[in-house]
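J.: File structure20.tsv below, TSV, C-alpha atoms:
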```
chain	number	residue	atom	x	y	z
E	1	MET	CA	-15.28	21.74	-5.68
E	2	ILE	CA	-11.62	20.88	-5.08
E	3	ARG	CA	-9.99	18.46	-7.51
E	4	LEU	CA	-6.66	17.65	-9.15
E	5	VAL	CA	-5.46	20.24	-11.65
E	6	THR	CA	-5.08	18.87	-15.18
E	7	LYS	CA	-3.19	20.13	-18.23
E	8	SER	CA	-6.38	21.76	-19.54
E	9	ASP	CA	-6.45	23.96	-16.40
E	10	LEU	CA	-2.92	25.31	-16.71
E	11	GLN	CA	-3.76	28.56	-18.48
E	12	GLN	CA	-6.14	29.43	-15.66
E	13	ALA	CA	-3.53	28.35	-13.11
E	14	ALA	CA	-0.88	30.62	-14.63
E	15	SER	CA	-3.23	33.62	-14.66
E	16	LEU	CA	-4.26	32.93	-11.08
E	17	VAL	CA	-0.68	32.66	-9.79
E	18	ALA	CA	0.36	35.78	-11.75
E	19	MET	CA	-2.29	37.83	-9.91
E	20	ALA	CA	-1.76	36.19	-6.52
E	21	TYR	CA	2.04	36.54	-6.63
E	22	PRO	CA	2.94	39.63	-8.72
E	23	GLY	CA	6.51	39.38	-7.43
E	24	MET	CA	6.97	36.27	-9.57
E	25	GLN	CA	6.69	38.53	-12.62
E	26	ILE	CA	4.79	36.07	-14.81
E	27	SER	CA	1.97	38.37	-15.97
E	28	GLY	CA	3.50	38.79	-19.45
E	29	LYS	CA	2.50	36.41	-22.25
E	30	GLU	CA	5.99	34.92	-22.68
E	31	ALA	CA	6.60	34.53	-18.94
E	32	GLN	CA	3.20	32.87	-18.49
E	33	GLN	CA	3.91	30.43	-21.30
E	34	THR	CA	7.21	29.48	-19.64
E	35	PHE	CA	5.36	28.99	-16.36
E	36	ILE	CA	2.71	26.83	-18.06
E	37	GLU	CA	5.43	24.65	-19.58
E	38	ARG	CA	7.00	24.22	-16.15
E	39	LEU	CA	3.66	23.24	-14.59
E	40	SER	CA	2.99	20.84	-17.47
E	41	PHE	CA	6.37	19.18	-16.95
E	42	GLU	CA	5.70	18.84	-13.21
E	43	ILE	CA	2.22	17.38	-13.74
E	44	GLU	CA	3.39	14.85	-16.36
E	45	SER	CA	6.50	13.69	-14.49
E	46	GLU	CA	6.63	10.96	-11.87
E	47	ASN	CA	7.51	12.97	-8.80
E	48	ASN	CA	6.39	13.91	-5.32
E	49	LEU	CA	4.09	16.73	-6.51
E	50	SER	CA	0.33	17.11	-6.97
E	51	PHE	CA	-1.73	20.21	-7.76
E	52	TYR	CA	-5.24	20.75	-6.39
E	53	GLY	CA	-7.59	23.51	-7.48
E	54	PHE	CA	-10.77	25.11	-6.12
E	55	PHE	CA	-13.25	25.27	-9.00
E	56	THR	CA	-16.70	26.82	-9.34
E	57	GLU	CA	-19.63	24.93	-10.89
E	58	GLN	CA	-18.66	26.66	-14.17
E	59	ASP	CA	-15.14	25.17	-13.82
E	60	GLU	CA	-13.54	28.54	-13.10
E	61	LEU	CA	-10.35	28.17	-11.06
E	62	LEU	CA	-10.42	30.41	-7.96
E	63	GLY	CA	-7.68	28.87	-5.84
E	64	LEU	CA	-4.97	26.20	-5.87
E	65	TYR	CA	-2.18	24.61	-3.91
E	66	LYS	CA	0.77	22.31	-4.56
E	67	LEU	CA	1.14	19.17	-2.42
E	68	HIS	CA	4.67	17.88	-1.75
E	69	ASP	CA	4.92	14.24	-0.60
E	70	LEU	CA	8.20	14.05	1.32
E	71	ASN	CA	10.32	11.86	3.61
E	72	MET	CA	11.69	13.57	6.72
E	73	ASN	CA	13.97	12.57	9.57
E	74	VAL	CA	11.98	12.90	12.79
E	75	ASN	CA	14.48	12.27	15.54
E	76	GLY	CA	16.13	9.40	13.71
E	77	SER	CA	13.05	7.86	12.09
E	78	ILE	CA	12.35	8.56	8.41
E	79	VAL	CA	8.62	9.29	8.22
E	80	ARG	CA	6.30	10.48	5.48
E	81	VAL	CA	5.42	14.17	5.75
E	82	TRP	CA	3.53	16.50	3.46
E	83	GLY	CA	4.31	20.06	2.54
E	84	ILE	CA	1.90	22.57	1.06
E	85	GLY	CA	3.06	25.37	-1.19
E	86	THR	CA	1.95	27.80	-3.92
E	87	VAL	CA	-1.29	28.49	-2.05
E	88	ALA	CA	-2.94	31.02	-4.36
E	89	VAL	CA	-6.39	32.63	-4.36
E	90	HIS	CA	-7.92	34.64	-7.21
E	91	PHE	CA	-7.25	38.33	-6.57
E	92	PHE	CA	-10.96	39.18	-6.92
E	93	HIS	CA	-12.14	36.37	-4.62
E	94	LYS	CA	-10.09	36.97	-1.48
E	95	LYS	CA	-11.76	36.90	1.93
E	96	GLU	CA	-14.27	34.33	0.70
E	97	GLY	CA	-12.84	31.43	2.72
E	98	ILE	CA	-11.16	29.77	-0.27
E	99	ALA	CA	-7.74	29.51	1.38
E	100	LYS	CA	-9.36	27.96	4.44
E	101	GLN	CA	-11.13	25.36	2.30
E	102	LEU	CA	-7.88	24.54	0.49
E	103	LEU	CA	-6.11	23.99	3.83
E	104	GLN	CA	-8.98	21.86	5.11
E	105	HIS	CA	-8.79	19.73	1.96
E	106	PHE	CA	-5.03	19.33	2.40
E	107	HIS	CA	-5.41	18.27	6.05
E	108	GLU	CA	-8.23	15.82	5.25
E	109	LEU	CA	-6.10	14.17	2.55
E	110	ALA	CA	-3.16	13.93	4.96
E	111	ARG	CA	-5.31	12.26	7.61
E	112	GLN	CA	-6.72	9.82	5.04
E	113	GLU	CA	-3.14	8.86	4.16
E	114	ASN	CA	-2.11	8.59	7.86
E	115	VAL	CA	0.39	11.42	7.42
E	116	GLY	CA	1.13	12.50	10.99
E	117	ILE	CA	2.75	15.87	10.33
E	118	VAL	CA	2.54	18.53	7.62
E	119	SER	CA	4.51	21.71	7.02
E	120	LEU	CA	4.61	24.94	5.04
E	121	TYR	CA	6.47	28.20	4.51
E	122	PRO	CA	4.02	30.95	5.55
E	123	PHE	CA	3.21	34.13	3.69
E	124	ASN	CA	1.60	35.25	6.96
E	125	THR	CA	2.73	33.48	10.15
E	126	SER	CA	-0.25	34.52	12.28
E	127	PHE	CA	-2.72	33.31	9.62
E	128	TYR	CA	-1.26	29.81	9.69
E	129	GLN	CA	-0.75	29.72	13.44
E	130	LYS	CA	-4.50	30.19	13.80
E	131	MET	CA	-4.84	27.07	11.65
E	132	GLY	CA	-2.70	25.09	14.08
E	133	TYR	CA	0.77	25.50	12.61
E	134	GLY	CA	3.58	25.95	15.12
E	135	TYR	CA	6.76	27.91	14.58
E	136	GLY	CA	9.72	25.92	13.33
E	137	PRO	CA	13.40	26.62	13.97
E	138	THR	CA	14.79	30.08	13.34
E	139	ARG	CA	17.21	30.53	10.45
E	140	TYR	CA	20.34	32.64	10.77
E	141	GLN	CA	21.99	34.45	7.87
E	142	TYR	CA	25.65	35.31	8.28
E	143	LYS	CA	27.77	37.51	6.04
E	144	LEU	CA	31.34	36.49	6.80
E	145	LYS	CA	34.84	37.28	5.68
E	146	PRO	CA	36.49	34.24	4.04
E	147	THR	CA	39.26	34.57	6.62
E	148	SER	CA	36.66	33.94	9.37
E	149	PHE	CA	36.61	30.27	8.36
E	150	PRO	CA	39.14	27.86	9.87
E	151	SER	CA	42.09	27.01	7.62
E	152	SER	CA	43.52	23.88	9.22
E	153	GLY	CA	42.23	21.46	6.58
E	154	GLU	CA	43.41	20.44	3.12
E	155	ARG	CA	42.19	22.91	0.51
E	156	LYS	CA	43.33	20.74	-2.40
E	157	LYS	CA	40.96	17.95	-1.40
E	158	VAL	CA	38.03	20.16	-2.48
E	159	VAL	CA	37.14	19.48	-6.12
E	160	MET	CA	34.58	20.84	-8.54
E	161	LEU	CA	31.51	18.66	-9.12
E	162	SER	CA	29.17	18.61	-12.12
E	163	PRO	CA	25.70	17.27	-13.01
E	164	SER	CA	27.40	13.94	-13.79
E	165	ASN	CA	27.96	13.62	-10.02
E	166	GLU	CA	24.21	13.85	-9.31
E	167	GLU	CA	23.87	10.42	-7.69
E	168	GLU	CA	26.86	11.02	-5.43
E	169	ILE	CA	25.52	14.45	-4.41
E	170	VAL	CA	22.13	12.92	-3.64
E	171	ALA	CA	23.76	10.09	-1.66
E	172	VAL	CA	25.82	12.38	0.58
E	173	TYR	CA	22.81	14.70	1.01
E	174	ASN	CA	20.52	11.86	2.06
E	175	LYS	CA	23.16	10.49	4.43
E	176	PHE	CA	23.40	13.96	5.99
E	177	ALA	CA	19.59	13.95	6.22
E	178	SER	CA	19.67	10.62	8.05
E	179	MET	CA	21.99	12.20	10.62
E	180	HIS	CA	19.97	15.37	11.29
E	181	HIS	CA	16.50	15.68	12.77
E	182	GLY	CA	14.14	17.68	10.52
E	183	MET	CA	16.03	17.12	7.28
E	184	ILE	CA	13.98	16.11	4.24
E	185	GLU	CA	15.45	13.63	1.78
E	186	ARG	CA	16.43	14.94	-1.66
E	187	THR	CA	13.39	15.79	-3.78
E	188	TRP	CA	12.64	15.43	-7.48
E	189	HIS	CA	12.77	19.21	-7.93
E	190	GLU	CA	16.18	19.45	-6.26
E	191	ARG	CA	17.52	16.70	-8.52
E	192	ASN	CA	16.41	18.75	-11.52
E	193	LEU	CA	18.31	21.76	-10.19
E	194	ILE	CA	21.48	19.65	-10.09
E	195	LYS	CA	20.86	18.50	-13.67
E	196	LYS	CA	20.33	22.10	-14.81
E	197	LYS	CA	23.47	23.26	-12.98
E	198	ALA	CA	21.49	25.92	-11.12
E	199	THR	CA	24.50	26.37	-8.83
E	200	TYR	CA	28.13	25.35	-8.71
E	201	TYR	CA	29.01	22.36	-6.52
E	202	ALA	CA	32.24	21.75	-4.64
E	203	GLY	CA	32.93	18.42	-2.96
E	204	VAL	CA	35.33	16.39	-0.86
E	205	TYR	CA	36.09	12.68	-1.37
E	206	GLU	CA	37.41	10.13	1.07
E	207	GLY	CA	38.62	7.30	-1.09
E	208	ASN	CA	35.88	6.84	-3.69
E	209	GLU	CA	33.09	8.20	-1.46
E	210	LEU	CA	31.83	11.77	-1.58
E	211	VAL	CA	31.73	12.87	2.06
E	212	GLY	CA	30.95	16.57	1.67
E	213	ALA	CA	29.23	18.85	-0.85
E	214	LEU	CA	28.62	22.57	-1.03
E	215	ALA	CA	26.30	24.38	-3.50
E	216	TYR	CA	27.17	28.01	-4.18
E	217	LYS	CA	27.04	30.95	-6.57
E	218	LEU	CA	29.37	33.91	-7.02
E	219	GLN	CA	27.77	37.32	-7.44
E	220	PRO	CA	29.39	40.72	-8.02
E	221	VAL	CA	29.76	43.11	-5.12
E	222	LYS	CA	27.53	46.13	-5.68
E	223	ASP	CA	29.35	49.28	-6.87
E	224	SER	CA	32.67	47.46	-7.17
E	225	HIS	CA	34.87	46.13	-9.97
E	226	PHE	CA	34.27	42.93	-11.95
E	227	LEU	CA	36.86	40.92	-9.99
E	228	HIS	CA	35.16	41.56	-6.65
E	229	HIS	CA	32.58	38.93	-5.56
E	230	GLU	CA	30.42	37.59	-2.79
E	231	MET	CA	29.86	33.86	-2.33
E	232	ASN	CA	26.29	32.74	-1.70
E	233	ILE	CA	26.11	29.25	-0.15
E	234	PHE	CA	22.77	27.51	-0.76
E	235	GLU	CA	23.42	24.16	0.88
E	236	TRP	CA	26.28	22.59	2.76
E	237	VAL	CA	26.35	18.94	3.84
E	238	TRP	CA	29.04	16.65	5.14
E	239	THR	CA	29.24	13.23	6.75
E	240	LYS	CA	32.78	13.53	8.12
E	241	PRO	CA	34.05	16.45	10.26
E	242	SER	CA	37.26	16.48	8.21
E	243	ALA	CA	35.22	17.26	5.07
E	244	PHE	CA	33.71	20.32	6.79
E	245	ILE	CA	37.17	21.57	7.75
E	246	ASP	CA	38.52	20.98	4.24
E	247	MET	CA	35.67	22.99	2.71
E	248	CYS	CA	36.19	25.76	5.28
E	249	THR	CA	39.86	25.89	4.28
E	250	TRP	CA	38.86	26.13	0.61
E	251	ILE	CA	36.53	29.07	1.41
E	252	HIS	CA	39.31	30.71	3.46
E	253	SER	CA	41.59	30.55	0.42
E	254	GLN	CA	39.12	32.57	-1.71
E	255	GLN	CA	39.89	35.79	0.19
E	256	ASP	CA	41.61	37.42	-2.81
E	257	GLN	CA	38.41	37.30	-4.90
E	258	VAL	CA	35.55	36.90	-2.41
E	259	ASP	CA	34.69	39.79	-0.11
E	260	ARG	CA	31.93	38.16	1.97
E	261	VAL	CA	30.38	34.71	2.23
E	262	TYR	CA	26.62	34.30	2.84
E	263	VAL	CA	25.80	31.29	4.99
E	264	ARG	CA	22.26	30.41	6.10
E	265	THR	CA	21.80	27.84	8.83
E	266	GLN	CA	19.45	26.72	11.58
E	267	ASP	CA	22.40	25.46	13.61
E	268	GLU	CA	22.98	27.85	16.51
E	269	SER	CA	26.40	26.33	17.14
E	270	PHE	CA	27.76	27.32	13.72
E	271	ILE	CA	29.33	30.57	14.90
E	272	TYR	CA	31.46	28.67	17.41
E	273	GLN	CA	33.37	27.15	14.50
E	274	LEU	CA	34.43	30.59	13.20
E	275	GLU	CA	37.35	32.81	14.02
E	276	ASP	CA	35.29	36.00	13.59
E	277	PRO	CA	31.50	35.80	13.14
E	278	LYS	CA	30.90	39.57	12.76
E	279	ASN	CA	29.10	40.83	9.65
E	280	ASP	CA	29.84	44.09	7.83
E	281	SER	CA	27.24	46.30	9.58
E	282	ASN	CA	29.62	47.53	12.30
E	283	ARG	CA	26.62	47.79	14.64
E	284	ILE	CA	26.66	47.19	18.38
E	285	ILE	CA	23.66	45.82	20.29
E	286	PRO	CA	23.63	47.16	23.90
E	287	SER	CA	25.60	46.82	25.92
E	288	VAL	CA	28.44	45.42	23.81
E	289	TYR	CA	27.17	42.73	21.44
E	290	HIS	CA	28.58	42.83	17.93
E	291	GLU	CA	26.01	42.20	15.22
E	292	ILE	CA	26.79	38.91	13.53
E	293	GLY	CA	23.76	38.24	11.38
E	294	THR	CA	20.06	38.42	10.79
E	295	VAL	CA	17.45	35.92	11.90
E	296	GLY	CA	14.08	34.88	10.52
E	297	THR	CA	11.23	32.50	11.13
E	298	GLY	CA	10.09	30.34	8.25
E	299	ILE	CA	9.03	26.72	8.07
E	300	MET	CA	6.07	25.83	10.29
E	301	TYR	CA	4.91	22.39	11.40
E	302	ARG	CA	1.46	21.00	12.17
E	303	ILE	CA	0.52	17.65	13.61
E	304	SER	CA	-2.25	16.55	11.26
E	305	SER	CA	-2.86	13.25	13.05
E	306	ILE	CA	-1.78	12.92	16.67
E	307	MET	CA	-2.43	9.17	16.54
E	308	SER	CA	-0.29	8.66	13.43
E	309	PHE	CA	2.53	10.86	14.72
E	310	VAL	CA	2.86	8.85	17.94
E	311	GLU	CA	2.59	5.52	16.12
E	312	GLN	CA	5.15	6.41	13.42
E	313	THR	CA	7.79	8.13	15.57
E	314	ASN	CA	7.33	6.40	18.96
E	315	PHE	CA	9.49	9.31	20.24
E	316	ASN	CA	12.55	7.30	19.23
E	317	SER	CA	16.03	8.19	20.51
E	318	LEU	CA	14.60	9.99	23.55
E	319	ASP	CA	14.71	9.04	27.22
E	320	ARG	CA	12.24	6.35	28.28
E	321	PRO	CA	10.34	6.08	31.58
E	322	ASP	CA	11.65	3.37	33.88
E	323	ARG	CA	8.11	2.10	34.49
E	324	PRO	CA	4.72	2.19	32.77
E	325	VAL	CA	3.23	5.68	32.84
E	326	THR	CA	0.23	7.55	31.44
E	327	ILE	CA	0.25	11.25	30.61
E	328	SER	CA	-3.08	12.97	30.01
E	329	LEU	CA	-3.22	15.74	27.39
E	330	PHE	CA	-5.86	18.20	26.33
E	331	VAL	CA	-5.14	19.41	22.80
E	332	GLN	CA	-6.90	22.54	21.58
E	333	ASP	CA	-7.46	22.22	17.83
E	334	SER	CA	-10.23	24.37	16.40
E	335	PHE	CA	-9.31	23.72	12.75
E	336	ILE	CA	-9.21	19.90	12.74
E	337	LYS	CA	-12.06	19.46	15.15
E	338	GLU	CA	-11.68	15.67	15.33
E	339	GLN	CA	-8.37	16.23	17.14
E	340	ASN	CA	-9.74	18.65	19.71
E	341	GLY	CA	-10.04	17.09	23.14
E	342	SER	CA	-8.28	14.95	25.71
E	343	TYR	CA	-5.91	12.01	25.24
E	344	ASN	CA	-4.12	9.39	27.30
E	345	LEU	CA	-0.51	8.99	26.18
E	346	SER	CA	0.76	5.73	27.70
E	347	TYR	CA	4.15	4.02	27.87
E	348	SER	CA	4.60	0.26	28.31
E	349	GLU	CA	7.09	-2.32	27.02
E	350	ASP	CA	9.25	0.28	25.26
E	351	CYS	CA	6.33	1.65	23.26
E	352	TRP	CA	4.20	4.79	23.43
E	353	SER	CA	0.52	4.56	22.53
E	354	ILE	CA	-2.24	7.13	22.53
E	355	GLU	CA	-6.01	7.08	22.68
E	356	LYS	CA	-8.80	9.58	23.06
E	357	SER	CA	-10.18	9.98	26.61
E	358	SER	CA	-12.97	11.81	28.40
E	359	ILE	CA	-10.80	13.60	30.96
E	360	SER	CA	-11.80	17.23	31.42
E	361	ILE	CA	-9.43	20.07	30.62
E	362	GLU	CA	-9.21	20.89	34.35
E	363	GLU	CA	-7.95	17.39	35.20
E	364	VAL	CA	-5.31	16.76	32.52
E	365	ASP	CA	-1.55	16.83	33.03
E	366	VAL	CA	-0.89	19.08	30.02
E	367	SER	CA	-3.24	21.53	28.31
E	368	ILE	CA	-1.74	22.76	25.03
E	369	ALA	CA	-2.73	24.24	21.65
E	370	VAL	CA	-1.95	22.02	18.64
E	371	SER	CA	0.40	24.70	17.27
E	372	ASP	CA	2.51	24.56	20.45
E	373	LEU	CA	2.28	20.76	20.57
E	374	SER	CA	3.67	20.65	17.03
E	375	SER	CA	6.58	22.95	17.89
E	376	TRP	CA	7.27	21.00	21.10
E	377	TRP	CA	7.22	17.51	19.57
E	378	MET	CA	9.39	18.72	16.67
E	379	GLY	CA	11.97	20.03	19.15
E	380	CYS	CA	11.65	23.72	18.28
E	381	VAL	CA	10.75	24.80	21.83
E	382	SER	CA	10.63	23.04	25.18
E	383	LEU	CA	7.50	22.47	27.25
E	384	GLU	CA	9.38	24.04	30.15
E	385	GLN	CA	9.85	27.26	28.15
E	386	LEU	CA	6.22	27.30	27.02
E	387	ALA	CA	5.11	26.87	30.64
E	388	GLN	CA	7.40	29.67	31.83
E	389	TYR	CA	5.70	32.05	29.40
E	390	GLY	CA	2.22	30.87	30.36
E	391	LYS	CA	1.45	29.31	26.96
E	392	VAL	CA	0.65	25.87	28.38
E	393	LYS	CA	-0.57	24.45	31.67
E	394	VAL	CA	1.38	21.58	33.20
E	395	ASN	CA	0.21	19.65	36.27
E	396	ASN	CA	1.45	16.61	38.21
E	397	TRP	CA	4.68	16.25	36.21
E	398	PRO	CA	7.84	18.41	36.03
E	399	ALA	CA	7.87	20.03	32.58
E	400	ASN	CA	11.56	19.22	32.10
E	401	GLN	CA	10.79	15.52	32.71
E	402	LEU	CA	8.20	15.56	29.93
E	403	ASP	CA	10.74	17.30	27.69
E	404	ARG	CA	13.17	14.39	28.16
E	405	TRP	CA	10.49	11.97	26.96
E	406	PHE	CA	8.89	13.95	24.12
E	407	LYS	CA	11.16	16.76	22.88
E	408	PRO	CA	13.98	15.96	20.42
E	409	THR	CA	17.36	17.01	21.78
E	410	ASN	CA	18.24	19.03	18.68
E	411	LYS	CA	16.13	21.55	16.82
E	412	PRO	CA	15.14	20.52	13.30
E	413	VAL	CA	17.31	21.42	10.31
E	414	CYS	CA	15.64	21.91	6.93
E	415	PHE	CA	17.14	22.91	3.55
E	416	THR	CA	14.11	22.02	1.41
E	417	SER	CA	11.97	24.79	-0.05
E	418	PHE	CA	8.41	24.23	-1.27
```
With the file now loaded, output its structure as structure tokens.
T.:
Amino acid sequence: MIRLVTKSDLQQAASLVAMAYPGMQISGKEAQQTFIERLSFEIESENNLSFYGFFTEQDELLGLYKLHDLNMNVNGSIVRVWGIGTVAVHFFHKKEGIAKQLLQHFHELARQENVGIVSLYPFNTSFYQKMGYGYGPTRYQYKLKPTSFPSSGERKKVVMLSPSNEEEIVAVYNKFASMHHGMIERTWHERNLIKKKATYYAGVYEGNELVGALAYKLQPVKDSHFLHHEMNIFEWVWTKPSAFIDMCTWIHSQQDQVDRVYVRTQDESFIYQLEDPKNDSNRIIPSVYHEIGTVGTGIMYRISSIMSFVEQTNFNSLDRPDRPVTISLFVQDSFIKEQNGSYNLSYSEDCWSIEKSSISIEEVDVSIAVSDLSSWWMGCVSLEQLAQYGKVKVNNWPANQLDRWFKPTNKPVCFTSF
């Protein structure tokens, strides 16, 4: 049975998570008690979180997950999305299909609530791709000299912020989110981190409005003296280009104390704003490509309800056909079997609509796995690229034409962890 986790279940939950994630180092009595207190606070608070557990008939907890109810910018429209995290299975009950049942429960709840898209950070990418999750945008990590940042702005406009500026930080963050596809609005957990001063914040004002904010920590350089630091940037938002330049100038001015600056971004154009994007590896990639960073895959997206996704997003801000059209799709979805099959995606009077059809897979315009459909409709990869690699079959329509109608111009950006 899968049900909501209550306060009386928290001791079991802490023991379960300690075994499932030994890297969290909560197996000790004191650490577990701290973890229980955190879970209790999250369960009792009014927030965007819910915990669900897999229980035996004897009420033994064998698995759990945390549900995050979020608001995300999907190509200019703020839509409700769900995230799933802290998926944990009892160490002595692995390979019994518990994780699969937890995911099925999560997807069924999402569909009941008309949530069109869900997401997660995978512990195993192939495991979740088999469940229909498509790869999200790649994240780049740069390790830059402060002098690599432009210095044409006004350093003195950058001021230190504190937890008392929480509402202003949230406001500029959410405005940044409204401007960037894929961004999730500020969460309850992130607000708590501001209150607890988990990082330092620097900001830029224009008049009385905060137009840029940067969260960072300073950490000592390994095997160096106590005055030698690296700057680790955790989030960086701005609503005016001048605020970005001012904050760059402030970072540039830290060269006497900061050796390298860590920046993580999903924006491929970021390096074009720098004077020197090279990291400190001194490695060359053949023939002559200087190493500038490392790259990873993380957040994955899954369309949990094709009908709801089309209805809620209407593929806003994308090119529209100049006449009524109908595109036939065959979506392969072995995990949410109700979604498996063919669809007619029709455009008329500035609106897209979708309905199930009986067209065979051989006759459709596009045959695609739900994982690839999710990546495509979230703008992570183009249909044209998927077709070039033989991942999808496209008939009757040029793939690049379908991209103009259904693929967001920019890849998603996401700062939110869950």
J.: From the set E:Val413, E:Leu329, E:Ile2, E:Ala14, which residue has the shortest atom-to-atom contact distance to Gly182 in chain E, counting only C-alpha atoms?
T.: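 Counting only C-alpha atoms, the residue closest to Gly182 in chain E is E:Val413.
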J.: Restricting the calculation to all atoms listed in the file, which member of E:Val170, E:Leu67, E:Leu274, E:Ala213 is positioned closest to Leu193 in chain E?
T.: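 Among the listed residues, the smallest separation from Leu193 in chain E belongs to E:Val170.
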J.: Give me the residues within 12 Å of range 312-320 of chain E as a PyMOL selection string, counting all atoms listed in the file and dropping any in the same chain fewer than 4 places off.
T.: chain E and resi 72-81+114-117+181+305-308+324-325+345-354+376-379+400-410
J.: Counting only C-alpha atoms, what is within 10 Å of range 92-94 of chain E, bar same-chain residues fewer than 5 positions away, as a list of chain:residue names?
T.: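 So the residues in contact are E:Met19, E:Ala20, E:Leu62, E:Gly63, E:Ala99.
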J.: CA of Leu39 in chain E and CA of Asn165 in chain E, how far apart in Å?
T.: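 CA of Leu39 in chain E lies at a distance of 26.5 Å from CA of Asn165 in chain E.
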J.: So, with only C-alpha atoms as the atoms that count, which of E:Leu386, E:Val295, E:Val158, E:Ile169 lies closest to Thr138 in chain E?
T.: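 Distance minimum relative to Thr138 in chain E lands on E:Val295.
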J.: Which residue is closest to Gly296 in chain E? Choose from E:Arg264, E:Lys130, E:His68, E:Lys156 and count all atoms listed in the file.
T.: E:Arg264
J.: Name all residues at most 12 Å from Ser15 in chain E (count only C-alpha atoms; drop same-chain ones fewer than 2 positions away) and give them as a ChimeraX atom specification.
T.: /E:9-13,17-22,24-29,31-33,35-36,60-64,88-91
J.: Check the smallest atom-to-atom distance from each of E:Tyr65, E:Trp236, E:Phe176, E:Trp188 to Gly203 in chain E using all atoms listed in the file, then report the winner.
T.: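 When distances to Gly203 in chain E are compared using all atoms listed in the file, the smallest one comes from E:Trp236.
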J.: Report, in Å to a single decimal, how far apart CA of Thr297 in chain E and CA of Val392 in chain E are.
T.: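 Here the two named atoms are 21.3 Å from each other.
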J.: For His290 in chain E, which of E:Pro277, E:Thr249, E:Val211, E:Lys100 is the closest residue, counting only C-alpha atoms?
T.: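 Comparing E:Pro277, E:Thr249, E:Val211, E:Lys100 against His290 in chain E, the winner is E:Pro277.
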J.: Near Lys66 in chain E, counting all atoms listed in the file, which residues have an atom at most 10 Å away, once you skip same-chain residues fewer than 6 positions from it, shown as a list in words?
T.: Leu4, Val5, Leu49, Ser50, Phe51, Tyr52, Gly53, Gly83, Ile84, Gly85, Thr86, Val87, Ala88, Phe106 and Phe418 of chain E
J.: Between CA of Ile284 in chain E and CA of Tyr140 in chain E, what distance in Å does the model show, to one decimal?
T.: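 These atoms are spaced 17.6 Å apart.
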J.: Counting all atoms listed in the file, what is within 9 Å of Met131 in chain E, bar same-chain residues fewer than 5 positions away, as a list of chain:residue names?
T.: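 Answer for this query is E:Lys100, E:Leu103, E:Ser126, E:Arg302, E:Asp333, E:Ser334, E:Phe335, E:Ile336, E:Ser371.
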J.: Step by step: start from the point (1.3, 27.7, 28.1) in the file's coordinates, keep every protein, DNA or RNA residue that has an atom no farther than 12 Å from it, count all atoms listed in the file, and write the set as a list in words.
T.: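 Counting all atoms listed in the file, I find these residues within 12 Å of (1.3, 27.7, 28.1): Val331, Gln332, Val366, Ser367, Ile368, Ala369, Val370, Ser371, Asp372, Leu373, Trp376, Val381, Ser382, Leu383, Glu384, Gln385, Leu386, Ala387, Gln388, Tyr389, Gly390, Lys391, Val392, Lys393, Val394, Asn395 and Ala399 of chain E.
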J.: Taking (24.0, 23.1, -4.3) as a centre in this file's frame and 9 Å as the limit, can you find every polymer residue with an atom that close, using all atoms listed in the file, and give them as a ChimeraX atom specification?
T.: /E:169,190,193-194,197-202,213-217,233-236
